[in-house]
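> This is the structure, below, for whatever I ask next.
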Amino acid sequence: MKKSLFLAVPLLAWLVTGTPAAIEEPRVEPDGERALAHVRFLASEEMKGRKSGTPEYERAAAYAAAGMKECGLQPGGEKGTYFQQVPFKNWSHFEPPVRLEIVSPRRRSYFPGRGRDFQPVPGTGSGVVRARAVFAGFGVSDAKGRWDDYAGLEVRGRIVLFLDGAPEVLEEPVRKGWTLLKKVKLAAEKGAAGAIELGVFDRERPARALRSFLPPLPAGACPEGFLVFRAGRNFADDLFAVARKSWRDAVSKTLRLKRPHSFGLDGAEVEIEVHHVSGERTASNVLGFIPGTDPELKNEVIIVGGHLDYLGVGADGFVYPGADDNACAAAVLLETARVFAAEGFRPRRTVLFAAWAGEELGLVGSRHYAEHPRFPLENTAVYLNMDMVGAGDGDLCVGGLWEYGRFFDILKSGLSEDIRARLRCRNGYRGSDHSAFWNKGVTAFSLRTGGIRTGGLNDEHPEYHRPGDRPELIEPERLELAARYHLQTIRHLANTEENLKDEDFRTEFLHKDAAVIDLHCDTIGRFLRGEDLRLDLESGHIDIPKLKKGAVDLQVFACYLGAPSSEEERDRDIRATFRQIDAVRRLAEENPDDLAVVRSLEDFRALRGTGRVGLLIGIEGGYTITDDLSLLRAYYDAGVRLMTLTHWTHTDWADASGDLQPVFNGLTDFGKKLVAEMNRLGMIIDVSHASDKTFWDVLEISSAPVVASHSCCRALAEHHRNLTDDMLKALAGKGGMVGINYSAGFLDAGRDAKQQALRVEVARRHGLSQDMGEFMRSDPEKREAAFREYRRRWEEMRKTLPRVDVGTLVDHIDHVVRVTGNANHVGLGSDYDGISETPEGLENAARLENITRELRARGYEETDIRKILGGNFLRVWNAVLAERGRVSRP
């Protein structure tokens, strides 16, 4: 008698009954060898890589469905089956042969495939083209931008080569508009026979320079017989060499001289061949479930799954078996179902098992389910994804552990100690089917065995997306470990009394998944005074643990020196400014696992998902600039990327909001030159603390958007540090933004007025000046005595004042949104470690999630919350950088 691969025991009564178990369920251990047998079948040569839309994929889906049925899972698909049909509207495939050859003056052939010499672009025409080649620069012709790569170039009947991207001299929206599709259409209109995009700008794979995934051209984009390839440097080097030309020289001149350098490749003849099959196909998600038994909780659903598909047969002719990625997930899924059947598992909540189609084609199957769920998504408690669970050193790397930390605490409480010890966090991971559920607001996690991919020779999944991803490399112990993790997780979550649908789980996810950026703090002074910011300190608003708990991704560290009273003091302050800049760098260097100085958007993007906080260096008050733009440039070279033009009192070239009377009536001529130079450098201009006239002068002169990094709304709190509605509208009109200050006195001007009156009274009692600058330069003993009295009396007075809390701060955010008409021009500018009183609920950086919670409570869309938390600042910074270099040097 043949032994069943799925069940070693008869199907138990739980398959047909709905009553809960009266005794403790027996525990059955998963078997890694059983799971490996599934992998051997699914990743065999006969399955031809299980590409969605092929007969081999449907055979794999039928195998998974048969396994679910034998394990007693009820059909979860359409019409009483285990299948949910998923449409693939732009399905494509390349039939062999696929060729790229130089045929004259001497023949050379190139190898097709992912990461190899060349790839045909999905959506290309089909056939064979033999023609001479021409180089058309970027392949761009833009009359308005005065750029024409085709000027004087004969392309009819030729194969056109062009670079990816577009000339930097074009405006950014125009540059982005020059997609591969637009270039292909232009080449075809000019009579070309085909097109080859040269991927020479990629740095990850300089020899071949081929992305592993090429976005498809839409159906019908290419005329009949018009072929489109993408090739790398190997082909480019050879082709230009046989034509006695240099693509490097042409690219260098194009970039340096900012004008086209196109030419024919005389004597070089190329032959290309491809046979592209495309159209609409379907493939099946495979779904089976164990019904819940609790009268109420059975309506809640736990989904466990992974993708069943892989890459099929490549353009290189190799079968990509997809054992680790991701036959192992289907194997663990079936082994988990077998164990539950064997032990008579009767969960209180419903458990749905899912094998998805089309992950390798863009999460198509899981996204289709998220749009057409078999169980309502609002009732889905969690999705547990697995992807690549057959190799590695034994760690359990979990995407979502950080983002859904409070939910994972519930999950983790059901795991054994040895499983807990293996858990590793994988921040910011979106590269698998769990993303389809994240995008719909569903809690989700994704498991991978081993560590995060390095892409190097030490990678724990070394045959990722290669033909070598075969069953022989799969370790049954890893399959068993992944099954144990899911068995323990599902047993616990399916039966727990905990509320798995708490909306606050999503609040935590949204806050941690967003780019959280604070535009201002004065913390570096504490570091210079010797405070250990590695510790979670009782005093102060910011330290490393608080930044991480608050999920801050980028913190602007302001370097501040007050207005100098003499030339000697000014010279000393210049040196002190560089010491503060160096201190920010030193803070990051001493804590490399937690912090990194950010000088560019590329630096910031590289940090995302690493768990490190970016530090952007700013200067608050340009007092040490004097009248010397070389100092501004030196600060920029040292890493400064944002400068608040003034502080409480005027600089030598700009009035401040704290001046009792205007000194310059806004910006001086030098101040105007400074604004232009900041535009040229790509340094962000900050108008917090600026006088109203200085604000208006800056907006008139600056060619780039500006920010008010830590200000509030004057309509809600009448204070000279806050912005009027007209200022908010103008700031938005310029494309800029305001970071709302957390100071209770700026959020509630009545409170500030009482504080100010108390300061004046105390200063008089101690014989000190009311002027803040003179006060700070007064006798230290007298000044400290005045501070002590002020703090004591203020603590008593504040008990009698109206409450200022997170809601008060969000009132100011609301006001900016109403005045400017959208949520595109407001963000966070805490002024932490520079303010004396914070709102309740924002006592330090660890509590920033309360802002996200309040925004959600007020009905803000998630897209707008992401903008407010940091997206708006990234947009402004990008616009400032786009303007860089367009302004002439003063």
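The way I read the labels, and the way they are meant: chains A, B, ... in the order of the structure tokens, residue 1 as the first residue of every chain, and ligand 1 as the first ligand shown, with later ones counted on from there.
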Please produce, as a Markdown table, a per-residue contact table for range 186-257 of chain A versus range 128-147 of chain A (criterion: any atom at most 10 Å away, only C-alpha atoms considered), showing the nearest atom pair and its distance in Å to one decimal, sorted by chain then residue number.

```
| residue | atom | partner | partner_atom | distance |
| --- | --- | --- | --- | --- |
| A:Leu186 | CA | A:Gly139 | CA | 8.1 |
| A:Ala187 | CA | A:Gly139 | CA | 7.6 |
| A:Ala192 | CA | A:Ala131 | CA | 9.6 |
| A:Ala193 | CA | A:Val129 | CA | 7.0 |
| A:Gly194 | CA | A:Val129 | CA | 7.4 |
| A:Ala195 | CA | A:Ala133 | CA | 9.3 |
| A:Ile196 | CA | A:Ala133 | CA | 9.5 |
| A:Glu197 | CA | A:Phe138 | CA | 9.0 |
| A:Leu198 | CA | A:Phe138 | CA | 9.4 |
| A:Gly225 | CA | A:Val128 | CA | 7.5 |
| A:Phe226 | CA | A:Val129 | CA | 8.1 |
| A:Leu227 | CA | A:Val129 | CA | 7.5 |
| A:Leu239 | CA | A:Ala133 | CA | 8.9 |
| A:Phe240 | CA | A:Phe135 | CA | 9.3 |
| A:Ala243 | CA | A:Ala133 | CA | 9.6 |
| A:Trp247 | CA | A:Phe135 | CA | 8.5 |
| A:Ala250 | CA | A:Gly137 | CA | 7.9 |
| A:Val251 | CA | A:Gly137 | CA | 7.6 |
| A:Thr254 | CA | A:Gly137 | CA | 7.9 |
```
> Filtering to N, CA and C atoms, could you give me those residues as a PDB file, in the first residue's frame?

```pdb
ATOM      1  N   LEU A 186       9.493  57.390 -30.096  1.00  0.00           N
ATOM      2  CA  LEU A 186      10.186  58.387 -30.905  1.00  0.00           C
ATOM      3  C   LEU A 186      11.088  57.712 -31.934  1.00  0.00           C
ATOM      4  N   ALA A 187      11.840  56.695 -31.504  1.00  0.00           N
ATOM      5  CA  ALA A 187      12.722  55.992 -32.440  1.00  0.00           C
ATOM      6  C   ALA A 187      11.924  55.342 -33.560  1.00  0.00           C
ATOM      7  N   ALA A 192      13.335  53.955 -37.228  1.00  0.00           N
ATOM      8  CA  ALA A 192      14.311  52.975 -36.782  1.00  0.00           C
ATOM      9  C   ALA A 192      13.723  51.569 -36.872  1.00  0.00           C
ATOM     10  N   ALA A 193      14.599  50.568 -36.994  1.00  0.00           N
ATOM     11  CA  ALA A 193      14.156  49.173 -37.081  1.00  0.00           C
ATOM     12  C   ALA A 193      14.084  48.506 -35.713  1.00  0.00           C
ATOM     13  N   GLY A 194      14.781  49.084 -34.753  1.00  0.00           N
ATOM     14  CA  GLY A 194      14.791  48.531 -33.412  1.00  0.00           C
ATOM     15  C   GLY A 194      15.527  49.473 -32.479  1.00  0.00           C
ATOM     16  N   ALA A 195      15.516  49.161 -31.180  1.00  0.00           N
ATOM     17  CA  ALA A 195      16.157  50.014 -30.191  1.00  0.00           C
ATOM     18  C   ALA A 195      16.820  49.159 -29.123  1.00  0.00           C
ATOM     19  N   ILE A 196      17.988  49.612 -28.679  1.00  0.00           N
ATOM     20  CA  ILE A 196      18.702  48.961 -27.580  1.00  0.00           C
ATOM     21  C   ILE A 196      19.035  50.023 -26.544  1.00  0.00           C
ATOM     22  N   GLU A 197      18.462  49.889 -25.361  1.00  0.00           N
ATOM     23  CA  GLU A 197      18.800  50.788 -24.258  1.00  0.00           C
ATOM     24  C   GLU A 197      20.079  50.276 -23.611  1.00  0.00           C
ATOM     25  N   LEU A 198      21.049  51.170 -23.421  1.00  0.00           N
ATOM     26  CA  LEU A 198      22.326  50.811 -22.817  1.00  0.00           C
ATOM     27  C   LEU A 198      22.289  51.131 -21.326  1.00  0.00           C
ATOM     28  N   GLY A 225       7.383  43.911 -35.631  1.00  0.00           N
ATOM     29  CA  GLY A 225       8.767  43.681 -36.018  1.00  0.00           C
ATOM     30  C   GLY A 225       9.769  44.655 -35.431  1.00  0.00           C
ATOM     31  N   PHE A 226       9.311  45.640 -34.635  1.00  0.00           N
ATOM     32  CA  PHE A 226      10.236  46.587 -34.001  1.00  0.00           C
ATOM     33  C   PHE A 226      10.700  45.969 -32.677  1.00  0.00           C
ATOM     34  N   LEU A 227      11.998  45.687 -32.556  1.00  0.00           N
ATOM     35  CA  LEU A 227      12.524  44.953 -31.413  1.00  0.00           C
ATOM     36  C   LEU A 227      13.180  45.899 -30.413  1.00  0.00           C
ATOM     37  N   LEU A 239      30.864  46.818 -29.297  1.00  0.00           N
ATOM     38  CA  LEU A 239      30.275  47.450 -30.477  1.00  0.00           C
ATOM     39  C   LEU A 239      30.974  48.758 -30.819  1.00  0.00           C
ATOM     40  N   PHE A 240      31.201  49.588 -29.818  1.00  0.00           N
ATOM     41  CA  PHE A 240      31.843  50.876 -30.086  1.00  0.00           C
ATOM     42  C   PHE A 240      33.298  50.666 -30.503  1.00  0.00           C
ATOM     43  N   ALA A 243      33.634  49.830 -34.129  1.00  0.00           N
ATOM     44  CA  ALA A 243      33.341  51.015 -34.945  1.00  0.00           C
ATOM     45  C   ALA A 243      34.360  52.127 -34.712  1.00  0.00           C
ATOM     46  N   TRP A 247      31.981  54.948 -26.285  1.00  0.00           N
ATOM     47  CA  TRP A 247      30.754  55.411 -25.635  1.00  0.00           C
ATOM     48  C   TRP A 247      31.096  56.187 -24.369  1.00  0.00           C
ATOM     49  N   ALA A 250      31.779  59.736 -25.339  1.00  0.00           N
ATOM     50  CA  ALA A 250      30.528  60.418 -25.697  1.00  0.00           C
ATOM     51  C   ALA A 250      29.712  60.761 -24.460  1.00  0.00           C
ATOM     52  N   VAL A 251      29.624  59.822 -23.531  1.00  0.00           N
ATOM     53  CA  VAL A 251      28.863  60.077 -22.310  1.00  0.00           C
ATOM     54  C   VAL A 251      29.533  61.159 -21.484  1.00  0.00           C
ATOM     55  N   THR A 254      28.848  64.471 -23.045  1.00  0.00           N
ATOM     56  CA  THR A 254      27.432  64.821 -22.875  1.00  0.00           C
ATOM     57  C   THR A 254      27.174  65.362 -21.472  1.00  0.00           C
TER      58      THR A 254
END
```
> For Arg346 in chain A, which residue out of A:Thr838, A:Thr577, A:Gln756, A:Thr293 is the nearest one, using only C-alpha atoms?
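The shortest atom-to-atom distance to Arg346 in chain A comes from A:Thr293.
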> Can you work out which one of A:Arg348, A:Arg575, A:Lys185, A:Lys867 has the shortest atom-to-atom distance to Ile813 in chain A, counting only C-alpha atoms?
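Of all the options, A:Lys867 lies closest to Ile813 in chain A.
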> Enumerate as a ChimeraX atom specification all residues of range 240-328 of chain A assigned to helix (DSSP H, G or I) by DSSP on the backbone, naming them with the chain letters and numbers the document uses.
/A:240-242,247-257,297-299,323-328
